[in-house]
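Asker: What follows is structure05.tsv, made up of TSV, C-alpha atoms:
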chain	number	residue	atom	x	y	z
P	73	MET	CA	-59.09	159.75	194.64
P	74	ARG	CA	-55.71	161.42	195.26
P	75	ARG	CA	-53.80	159.25	192.76
P	76	PRO	CA	-56.02	160.10	189.74
P	77	ALA	CA	-55.79	163.79	190.64
P	78	ARG	CA	-52.04	163.60	190.80
P	79	ALA	CA	-51.94	161.77	187.47
P	80	ALA	CA	-54.16	164.38	185.83
P	81	ALA	CA	-51.94	167.18	187.12
P	82	ALA	CA	-48.85	165.42	185.85
P	83	LEU	CA	-50.46	164.91	182.44
P	84	LEU	CA	-51.43	168.58	182.24
P	85	LEU	CA	-47.87	169.62	183.17
P	86	ALA	CA	-46.44	167.35	180.47
P	87	ILE	CA	-48.76	168.79	177.82
P	88	THR	CA	-47.91	172.35	178.82
P	89	THR	CA	-44.18	171.64	178.76
P	90	SER	CA	-44.45	170.04	175.32
P	91	VAL	CA	-46.40	172.96	173.88
P	92	VAL	CA	-43.97	175.56	175.24
P	93	ALA	CA	-41.02	173.57	173.87
P	94	CYS	CA	-42.64	173.75	170.41
P	95	GLY	CA	-42.70	177.54	170.54
P	96	CYS	CA	-46.47	177.77	171.02
P	97	THR	CA	-48.59	179.12	173.88
P	98	LEU	CA	-51.78	177.91	175.47
P	99	THR	CA	-54.93	179.94	175.20
P	100	THR	CA	-57.46	180.13	178.02
P	101	SER	CA	-59.44	177.38	176.27
P	102	GLY	CA	-56.44	175.05	176.54
P	103	THR	CA	-55.70	174.98	172.77
P	104	ALA	CA	-52.34	175.90	171.27
P	105	ALA	CA	-52.06	179.35	169.65
P	106	ALA	CA	-49.83	179.52	166.55
P	107	PRO	CA	-46.84	181.93	166.69
P	108	PRO	CA	-47.09	185.13	164.60
P	109	PRO	CA	-46.06	184.67	160.94
P	110	VAL	CA	-42.53	185.67	159.90
P	111	THR	CA	-42.28	187.88	156.81
P	112	ALA	CA	-39.18	187.04	154.80
P	113	THR	CA	-37.44	189.56	152.55
P	114	PRO	CA	-37.51	188.27	148.96
P	115	ALA	CA	-34.09	187.31	147.66
P	116	THR	CA	-34.78	189.32	144.51
P	117	SER	CA	-35.18	192.59	146.42
P	118	PRO	CA	-31.92	193.27	148.31
P	119	PRO	CA	-31.84	196.30	150.59
P	120	THR	CA	-30.20	199.42	149.18
P	121	THR	CA	-28.11	199.89	152.33
P	122	VAL	CA	-26.50	197.13	154.37
P	123	ALA	CA	-24.49	197.05	157.55
P	124	THR	CA	-21.01	198.48	157.31
P	125	ASN	CA	-18.32	195.86	156.74
P	126	ALA	CA	-15.41	195.47	159.09
P	127	ASP	CA	-13.22	197.44	156.65
P	128	GLY	CA	-15.68	200.35	156.57
P	129	TRP	CA	-17.31	199.76	153.19
P	130	GLU	CA	-21.08	199.71	152.87
P	131	ALA	CA	-23.49	199.24	149.98
P	132	VAL	CA	-25.24	202.50	149.11
P	133	GLY	CA	-27.12	200.97	146.19
P	134	THR	CA	-27.14	198.13	143.69
P	135	SER	CA	-26.41	197.84	139.99
P	136	VAL	CA	-28.70	196.54	137.24
P	137	GLN	CA	-27.47	193.00	137.91
P	138	GLY	CA	-27.67	193.37	141.69
P	139	ARG	CA	-24.01	194.01	142.47
P	140	PRO	CA	-23.41	196.28	145.47
P	141	ILE	CA	-22.23	199.83	144.82
P	142	ARG	CA	-19.98	200.46	147.79
P	143	ALA	CA	-18.87	203.61	149.59
P	144	ARG	CA	-16.69	204.39	152.56
P	145	THR	CA	-16.43	207.59	154.61
P	146	LEU	CA	-13.33	208.68	156.51
P	147	GLY	CA	-12.69	211.68	158.70
P	148	GLN	CA	-15.05	214.16	160.28
P	149	GLY	CA	-13.78	217.52	159.09
P	150	PRO	CA	-15.86	220.43	157.77
P	151	ARG	CA	-14.53	220.16	154.20
P	152	LYS	CA	-16.43	217.51	152.24
P	153	VAL	CA	-14.89	215.62	149.33
P	154	LEU	CA	-16.23	212.76	147.20
P	155	PHE	CA	-13.83	210.53	145.27
P	156	ILE	CA	-15.33	208.25	142.61
P	157	GLY	CA	-13.00	205.40	141.66
P	158	GLY	CA	-14.60	204.70	138.27
P	159	ILE	CA	-17.73	205.17	136.22
P	160	HIS	CA	-16.80	203.49	132.92
P	161	GLY	CA	-16.32	199.75	133.30
P	162	ASP	CA	-13.43	199.48	130.85
P	163	GLU	CA	-11.42	202.20	132.60
P	164	THR	CA	-9.91	200.27	135.50
P	165	GLU	CA	-6.73	202.30	135.95
P	166	GLY	CA	-8.12	204.16	138.97
P	167	ALA	CA	-8.93	201.03	140.98
P	168	TYR	CA	-5.47	200.78	142.55
P	169	SER	CA	-5.53	204.43	143.64
P	170	THR	CA	-9.00	203.91	145.09
P	171	ALA	CA	-7.76	201.01	147.20
P	172	GLU	CA	-4.71	202.96	148.41
P	173	LEU	CA	-6.49	206.22	149.17
P	174	PRO	CA	-8.00	205.36	152.61
P	175	ALA	CA	-4.64	204.58	154.20
P	176	ALA	CA	-2.98	207.57	152.53
P	177	PHE	CA	-5.73	209.90	153.73
P	178	THR	CA	-5.37	208.66	157.30
P	179	ALA	CA	-1.57	208.85	157.21
P	180	ALA	CA	-1.74	212.43	155.93
P	181	GLY	CA	-3.60	213.48	159.09
P	182	LEU	CA	-6.56	214.96	157.22
P	183	ALA	CA	-9.33	213.37	159.29
P	184	ASP	CA	-10.03	216.47	161.41
P	185	ALA	CA	-10.06	218.81	158.41
P	186	VAL	CA	-11.89	216.74	155.79
P	187	THR	CA	-14.76	214.28	155.55
P	188	LEU	CA	-13.82	212.09	152.60
P	189	THR	CA	-16.34	209.75	150.98
P	190	ILE	CA	-14.97	207.19	148.52
P	191	LEU	CA	-17.35	205.61	146.02
P	192	GLU	CA	-15.45	202.51	145.05
P	193	ASP	CA	-16.95	201.97	141.59
P	194	ALA	CA	-20.14	203.48	140.16
P	195	ASN	CA	-20.49	200.79	137.49
P	196	PRO	CA	-19.65	197.34	138.91
P	197	ASP	CA	-21.50	195.47	136.13
P	198	GLY	CA	-19.47	197.24	133.48
P	199	ARG	CA	-16.30	196.55	135.46
P	200	ALA	CA	-17.15	192.85	135.64
P	201	ALA	CA	-17.86	192.70	131.89
P	202	GLY	CA	-15.02	195.01	130.83
P	203	THR	CA	-17.44	197.36	129.07
P	204	ARG	CA	-17.77	201.13	129.17
P	205	ASP	CA	-21.54	200.92	129.64
P	206	ASN	CA	-23.62	199.25	132.33
P	207	ALA	CA	-25.52	195.97	131.94
P	208	ASN	CA	-28.30	197.79	130.05
P	209	GLY	CA	-25.81	199.07	127.50
P	210	VAL	CA	-26.09	202.65	128.79
P	211	ASP	CA	-23.21	205.03	129.50
P	212	ILE	CA	-23.77	205.99	133.14
P	213	ASN	CA	-21.89	209.25	132.57
P	214	ARG	CA	-24.47	210.42	130.02
P	215	THR	CA	-27.60	210.00	132.13
P	216	PHE	CA	-27.49	213.02	134.45
P	217	PRO	CA	-30.22	215.68	134.05
P	218	ALA	CA	-27.96	218.35	132.56
P	219	LYS	CA	-29.15	221.14	130.30
P	220	ASN	CA	-27.25	219.44	127.47
P	221	PHE	CA	-28.84	216.02	128.06
P	222	ASP	CA	-29.26	213.98	124.88
P	223	THR	CA	-32.07	211.40	124.81
P	224	SER	CA	-29.96	209.10	122.64
P	225	ASN	CA	-27.80	208.42	125.72
P	226	GLY	CA	-30.18	206.36	127.82
P	227	GLY	CA	-33.61	207.73	127.01
P	228	GLU	CA	-34.43	209.66	130.18
P	229	PRO	CA	-32.25	211.39	132.78
P	230	LEU	CA	-31.38	209.16	135.73
P	231	SER	CA	-32.84	206.14	133.94
P	232	GLN	CA	-30.19	203.80	135.40
P	233	PRO	CA	-29.86	202.69	139.04
P	234	GLU	CA	-26.14	203.44	139.02
P	235	SER	CA	-26.60	207.08	137.99
P	236	ARG	CA	-29.31	207.49	140.63
P	237	VAL	CA	-26.89	206.27	143.30
P	238	VAL	CA	-24.30	208.87	142.27
P	239	PHE	CA	-26.96	211.58	142.00
P	240	ASP	CA	-28.36	210.84	145.47
P	241	LEU	CA	-24.91	210.56	147.05
P	242	ILE	CA	-23.73	213.95	145.77
P	243	ASN	CA	-26.98	215.61	146.82
P	244	ARG	CA	-26.73	214.05	150.27
P	245	ILE	CA	-23.09	214.97	150.86
P	246	GLY	CA	-23.05	218.41	149.19
P	247	PRO	CA	-19.28	218.06	148.56
P	248	ASP	CA	-16.88	220.98	148.18
P	249	LEU	CA	-15.04	218.87	145.60
P	250	VAL	CA	-15.81	215.78	143.51
P	251	VAL	CA	-12.85	213.87	142.06
P	252	VAL	CA	-13.52	211.24	139.41
P	253	ALA	CA	-11.02	208.69	138.07
P	254	HIS	CA	-11.16	207.97	134.32
P	255	SER	CA	-8.65	206.88	131.68
P	256	TRP	CA	-7.99	207.93	128.10
P	257	THR	CA	-6.42	206.14	125.16
P	258	GLY	CA	-3.12	207.60	124.04
P	259	ARG	CA	-2.72	210.44	126.54
P	260	GLN	CA	-3.27	211.49	130.12
P	261	PHE	CA	-4.43	214.81	131.54
P	262	VAL	CA	-6.77	216.40	134.07
P	263	ASN	CA	-9.92	218.33	133.30
P	264	PHE	CA	-12.46	220.23	135.32
P	265	ASP	CA	-16.03	221.47	135.43
P	266	GLY	CA	-17.55	224.24	137.49
P	267	PRO	CA	-15.28	226.41	139.64
P	268	ALA	CA	-12.49	223.82	139.87
P	269	ARG	CA	-9.95	225.48	137.55
P	270	PRO	CA	-7.55	226.53	140.38
P	271	ILE	CA	-7.62	223.01	141.82
P	272	ALA	CA	-6.99	221.49	138.37
P	273	GLU	CA	-4.13	223.88	137.67
P	274	ARG	CA	-2.41	223.08	140.96
P	275	PHE	CA	-2.89	219.37	140.31
P	276	ALA	CA	-1.45	219.74	136.81
P	277	ALA	CA	1.54	221.75	138.04
P	278	SER	CA	2.52	219.15	140.61
P	279	THR	CA	1.96	216.06	138.43
P	280	GLY	CA	3.08	217.35	135.05
P	281	LEU	CA	-0.27	216.38	133.53
P	282	PRO	CA	-1.80	219.01	131.23
P	283	VAL	CA	-5.11	220.53	132.26
P	284	GLU	CA	-8.13	221.06	130.05
P	285	GLU	CA	-11.66	222.29	130.58
P	286	SER	CA	-14.07	219.41	129.93
P	287	SER	CA	-16.15	221.21	127.32
P	288	SER	CA	-13.05	222.09	125.28
P	289	PHE	CA	-12.06	218.61	124.09
P	290	ALA	CA	-15.17	216.42	123.89
P	291	SER	CA	-18.94	216.60	123.81
P	292	THR	CA	-20.26	215.34	127.13
P	293	PRO	CA	-24.08	215.58	127.09
P	294	GLY	CA	-25.65	214.47	130.35
P	295	SER	CA	-22.30	213.94	132.05
P	296	LEU	CA	-21.67	214.28	135.76
P	297	GLY	CA	-19.47	217.29	135.03
P	298	SER	CA	-22.08	218.92	132.81
P	299	TYR	CA	-24.82	218.65	135.39
P	300	PHE	CA	-23.11	219.01	138.77
P	301	GLY	CA	-20.24	221.17	137.55
P	302	ARG	CA	-21.55	223.50	134.86
P	303	ASP	CA	-25.25	223.54	135.73
P	304	ARG	CA	-25.10	223.46	139.53
P	305	GLY	CA	-21.69	224.91	140.33
P	306	PHE	CA	-19.94	222.03	142.09
P	307	SER	CA	-16.17	221.77	141.71
P	308	ILE	CA	-15.48	218.67	139.60
P	309	LEU	CA	-11.93	217.41	139.00
P	310	THR	CA	-11.51	214.54	136.54
P	311	ILE	CA	-8.25	212.59	136.38
P	312	GLU	CA	-7.74	210.99	132.97
P	313	LEU	CA	-5.03	208.38	133.44
P	314	LEU	CA	-3.35	206.76	130.46
P	315	LYS	CA	-5.33	203.69	129.45
P	316	GLY	CA	-3.25	200.54	129.92
P	317	SER	CA	-0.74	202.26	132.20
P	318	ASP	CA	0.77	200.78	135.36
P	319	PRO	CA	-1.77	201.55	138.10
P	320	GLN	CA	0.83	201.52	140.86
P	321	ALA	CA	2.99	204.01	138.95
P	322	ASP	CA	-0.12	206.13	138.39
P	323	TRP	CA	-0.79	206.17	142.12
P	324	GLU	CA	2.76	207.24	142.91
P	325	LYS	CA	2.44	210.05	140.37
P	326	ILE	CA	-0.86	211.45	141.63
P	327	ARG	CA	-0.76	210.57	145.34
P	328	GLU	CA	0.53	213.83	146.82
P	329	SER	CA	-1.40	216.00	144.36
P	330	LEU	CA	-4.61	214.13	145.09
P	331	LEU	CA	-4.16	214.52	148.85
P	332	GLN	CA	-3.50	218.25	148.36
P	333	ALA	CA	-6.67	218.61	146.31
P	334	ILE	CA	-8.63	216.76	148.98
P	335	ALA	CA	-7.15	218.97	151.72
P	336	GLY	CA	-8.15	222.11	149.80
Translate this file's structure into structure tokens.

Answerer:
Amino acid sequence: MRRPARAAAALLLAITTSVVACGCTLTTSGTAAAPPPVTATPATSPPTTVATNADGWEAVGTSVQGRPIRARTLGQGPRKVLFIGGIHGDETEGAYSTAELPAAFTAAGLADAVTLTILEDANPDGRAAGTRDNANGVDINRTFPAKNFDTSNGGEPLSQPESRVVFDLINRIGPDLVVVAHSWTGRQFVNFDGPARPIAERFAASTGLPVEESSSFASTPGSLGSYFGRDRGFSILTIELLKGSDPQADWEKIRESLLQAIAG
């Protein structure tokens, strides 16, 4: 009688070992209980925020076509500044300065005085296609809920995911200054909205670029400057580089003035 008992025990041990190896557990009735189901995130619904990359960039949102809209924050000082490297896809002249700014900011020793957030590009679909507008054919810089909003520029305020990312980021940071890189055909200058005239004038004096108030040279219904600058009182400085210019030469021209504006 001992041998059959030993054989039965061995058989039970083998069954248990096999079940555990399969990732299952035995219930009190001796049957295998299935593991809890795993819920997968659909590939068509990427998260709006992902883990920070090794170089410090993180996705703070996605474009119409699912491209990441990336930001990076440097420093921990009380002064808060947001730099936007581009918002119109066919104005790429600010991309080089955007890439160079993190190292220049660190080298200037501003980390204890300023918290700088860099939004790499607010319109990555337009950048990829070489178009001013986003993938829906909408000018991102005409979709902010300003008093002068025009429904012909995108239908409803904040109708585009890209403009909502910018809107949310500015509201979250509450920056003392927003700097936006643009370019202009045939000339270069700086302009401002809100209480940024002194900053714009200092920037102009040190770079040789003329300064203009945004509302004085073009109609900008629903623009970032109209809403955050004129309506809400944020200091907005816009750098209009010469379209088609040498981006490295542009960076050398504006580098020190940009760092001074960031420092305050």

Asker: Using only C-alpha atoms, which of P:Pro217, P:Gly181, P:Gly157, P:Pro196 sits nearest P:Thr134?

Answerer: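 Among the listed residues, P:Pro196 lies closest to P:Thr134.
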
Asker: Could you tell me which of P:Asn213, P:Asn225, P:Ser169, P:Ser135 comes closest to P:Ala321 if we count only C-alpha atoms?

Answerer: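 Smallest distance to P:Ala321 is found for P:Ser169.
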
Asker: If we count only C-alpha atoms and set the cut-off at 12 Å, which residues sit around P:Ser224, ignoring sequence neighbours fewer than 4 positions away in its own chain? Please answer as a VMD selection string.

Answerer: chain P and resid 209 to 211 214 to 215 220 228 to 229 293 to 294

Asker: Restricting the calculation to all atoms listed in the file, which member of P:Leu182, P:Leu331, P:Ile326, P:Ala277 is positioned closest to P:Tyr168?

Answerer: P:Ile326

Asker: At a cut-off of 10 Å, can you tabulate as a tab-separated table every residue of stretch 259-292 of chain P near stretch 246-249 of chain P together with its closest atom pair and the distance in Å to one decimal, using all atoms listed in the file and ordering rows by chain then number?

Answerer:
residue	atom	partner	partner_atom	distance
P:Pro267	CA	P:Leu249	CA	9.6
P:Ala268	CA	P:Leu249	CA	8.0
P:Ile271	CA	P:Leu249	CA	9.3

Asker: Rounded to one decimal place, report the atom CA of P:Gly336-atom CA of P:Pro150 distance in Å.

Answerer: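 Atom CA of P:Gly336 sits 11.2 Å away from atom CA of P:Pro150.
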
Asker: Looking at all atoms listed in the file, which of P:Gln137, P:Gln148, P:Thr279, P:Gln332 is the one that sits closest to P:Glu234?

Answerer: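 Nearest to P:Glu234: P:Gln137.
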
Asker: Of the candidates P:Phe275, P:Ser307, P:Glu285, P:Arg204, which one gets nearest to P:Lys325 if we count all atoms listed in the file?

Answerer: P:Phe275

Asker: As a PDB file, in the frame of the given file, could you write out stretch 307-336 of chain P once it has been completed with N, CA and C atoms?

Answerer:
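Dumped to rebuild.pdb:
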ATOM      1  N   SER P 307     -17.531 221.921 142.239  1.00  0.00           N
ATOM      2  CA  SER P 307     -16.170 221.770 141.710  1.00  0.00           C
ATOM      3  C   SER P 307     -15.930 220.309 141.363  1.00  0.00           C
ATOM      4  N   ILE P 308     -15.698 220.030 140.083  1.00  0.00           N
ATOM      5  CA  ILE P 308     -15.480 218.670 139.600  1.00  0.00           C
ATOM      6  C   ILE P 308     -14.079 218.565 139.005  1.00  0.00           C
ATOM      7  N   LEU P 309     -13.269 217.668 139.525  1.00  0.00           N
ATOM      8  CA  LEU P 309     -11.930 217.410 139.000  1.00  0.00           C
ATOM      9  C   LEU P 309     -11.892 215.995 138.457  1.00  0.00           C
ATOM     10  N   THR P 310     -11.577 215.856 137.179  1.00  0.00           N
ATOM     11  CA  THR P 310     -11.510 214.540 136.540  1.00  0.00           C
ATOM     12  C   THR P 310     -10.065 214.208 136.209  1.00  0.00           C
ATOM     13  N   ILE P 311      -9.609 213.045 136.654  1.00  0.00           N
ATOM     14  CA  ILE P 311      -8.250 212.590 136.380  1.00  0.00           C
ATOM     15  C   ILE P 311      -8.317 211.560 135.265  1.00  0.00           C
ATOM     16  N   GLU P 312      -7.776 211.903 134.110  1.00  0.00           N
ATOM     17  CA  GLU P 312      -7.740 210.990 132.970  1.00  0.00           C
ATOM     18  C   GLU P 312      -6.359 210.334 132.918  1.00  0.00           C
ATOM     19  N   LEU P 313      -6.277 209.134 133.482  1.00  0.00           N
ATOM     20  CA  LEU P 313      -5.030 208.380 133.440  1.00  0.00           C
ATOM     21  C   LEU P 313      -4.850 207.771 132.057  1.00  0.00           C
ATOM     22  N   LEU P 314      -3.632 207.372 131.747  1.00  0.00           N
ATOM     23  CA  LEU P 314      -3.350 206.760 130.460  1.00  0.00           C
ATOM     24  C   LEU P 314      -3.880 205.327 130.456  1.00  0.00           C
ATOM     25  N   LYS P 315      -4.743 205.030 129.501  1.00  0.00           N
ATOM     26  CA  LYS P 315      -5.330 203.690 129.450  1.00  0.00           C
ATOM     27  C   LYS P 315      -4.240 202.649 129.204  1.00  0.00           C
ATOM     28  N   GLY P 316      -4.251 201.600 130.028  1.00  0.00           N
ATOM     29  CA  GLY P 316      -3.250 200.540 129.920  1.00  0.00           C
ATOM     30  C   GLY P 316      -1.981 200.815 130.698  1.00  0.00           C
ATOM     31  N   SER P 317      -1.937 201.914 131.444  1.00  0.00           N
ATOM     32  CA  SER P 317      -0.740 202.260 132.200  1.00  0.00           C
ATOM     33  C   SER P 317      -0.622 201.412 133.462  1.00  0.00           C
ATOM     34  N   ASP P 318       0.531 201.512 134.117  1.00  0.00           N
ATOM     35  CA  ASP P 318       0.770 200.780 135.360  1.00  0.00           C
ATOM     36  C   ASP P 318       0.034 201.487 136.489  1.00  0.00           C
ATOM     37  N   PRO P 319      -0.969 200.854 137.087  1.00  0.00           N
ATOM     38  CA  PRO P 319      -1.770 201.550 138.100  1.00  0.00           C
ATOM     39  C   PRO P 319      -0.981 201.938 139.338  1.00  0.00           C
ATOM     40  N   GLN P 320       0.022 201.150 139.700  1.00  0.00           N
ATOM     41  CA  GLN P 320       0.830 201.520 140.860  1.00  0.00           C
ATOM     42  C   GLN P 320       1.669 202.763 140.560  1.00  0.00           C
ATOM     43  N   ALA P 321       2.227 202.821 139.348  1.00  0.00           N
ATOM     44  CA  ALA P 321       2.990 204.010 138.950  1.00  0.00           C
ATOM     45  C   ALA P 321       2.078 205.232 138.875  1.00  0.00           C
ATOM     46  N   ASP P 322       0.843 205.037 138.421  1.00  0.00           N
ATOM     47  CA  ASP P 322      -0.120 206.130 138.390  1.00  0.00           C
ATOM     48  C   ASP P 322      -0.368 206.670 139.786  1.00  0.00           C
ATOM     49  N   TRP P 323      -0.538 205.762 140.736  1.00  0.00           N
ATOM     50  CA  TRP P 323      -0.790 206.170 142.120  1.00  0.00           C
ATOM     51  C   TRP P 323       0.379 206.971 142.669  1.00  0.00           C
ATOM     52  N   GLU P 324       1.590 206.516 142.421  1.00  0.00           N
ATOM     53  CA  GLU P 324       2.760 207.240 142.910  1.00  0.00           C
ATOM     54  C   GLU P 324       2.837 208.632 142.297  1.00  0.00           C
ATOM     55  N   LYS P 325       2.387 208.762 141.048  1.00  0.00           N
ATOM     56  CA  LYS P 325       2.440 210.050 140.370  1.00  0.00           C
ATOM     57  C   LYS P 325       1.405 211.031 140.927  1.00  0.00           C
ATOM     58  N   ILE P 326       0.214 210.541 141.247  1.00  0.00           N
ATOM     59  CA  ILE P 326      -0.860 211.450 141.630  1.00  0.00           C
ATOM     60  C   ILE P 326      -1.086 211.542 143.137  1.00  0.00           C
ATOM     61  N   ARG P 327      -0.443 210.697 143.899  1.00  0.00           N
ATOM     62  CA  ARG P 327      -0.760 210.570 145.340  1.00  0.00           C
ATOM     63  C   ARG P 327      -0.733 211.905 146.067  1.00  0.00           C
ATOM     64  N   GLU P 328       0.392 212.585 146.050  1.00  0.00           N
ATOM     65  CA  GLU P 328       0.530 213.830 146.820  1.00  0.00           C
ATOM     66  C   GLU P 328      -0.400 214.915 146.281  1.00  0.00           C
ATOM     67  N   SER P 329      -0.530 214.986 144.956  1.00  0.00           N
ATOM     68  CA  SER P 329      -1.400 216.000 144.360  1.00  0.00           C
ATOM     69  C   SER P 329      -2.865 215.741 144.707  1.00  0.00           C
ATOM     70  N   LEU P 330      -3.237 214.471 144.729  1.00  0.00           N
ATOM     71  CA  LEU P 330      -4.610 214.130 145.090  1.00  0.00           C
ATOM     72  C   LEU P 330      -4.894 214.493 146.538  1.00  0.00           C
ATOM     73  N   LEU P 331      -3.968 214.193 147.436  1.00  0.00           N
ATOM     74  CA  LEU P 331      -4.160 214.520 148.850  1.00  0.00           C
ATOM     75  C   LEU P 331      -4.230 216.047 149.046  1.00  0.00           C
ATOM     76  N   GLN P 332      -3.444 216.798 148.275  1.00  0.00           N
ATOM     77  CA  GLN P 332      -3.500 218.250 148.360  1.00  0.00           C
ATOM     78  C   GLN P 332      -4.847 218.775 147.892  1.00  0.00           C
ATOM     79  N   ALA P 333      -5.350 218.186 146.814  1.00  0.00           N
ATOM     80  CA  ALA P 333      -6.670 218.610 146.310  1.00  0.00           C
ATOM     81  C   ALA P 333      -7.758 218.302 147.332  1.00  0.00           C
ATOM     82  N   ILE P 334      -7.656 217.143 147.962  1.00  0.00           N
ATOM     83  CA  ILE P 334      -8.630 216.760 148.980  1.00  0.00           C
ATOM     84  C   ILE P 334      -8.547 217.708 150.174  1.00  0.00           C
ATOM     85  N   ALA P 335      -7.343 218.067 150.568  1.00  0.00           N
ATOM     86  CA  ALA P 335      -7.150 218.970 151.720  1.00  0.00           C
ATOM     87  C   ALA P 335      -7.677 220.367 151.440  1.00  0.00           C
ATOM     88  N   GLY P 336      -7.626 220.789 150.159  1.00  0.00           N
ATOM     89  CA  GLY P 336      -8.150 222.110 149.800  1.00  0.00           C
ATOM     90  C   GLY P 336      -7.147 223.226 149.960  1.00  0.00           C
TER      91      GLY P 336
END
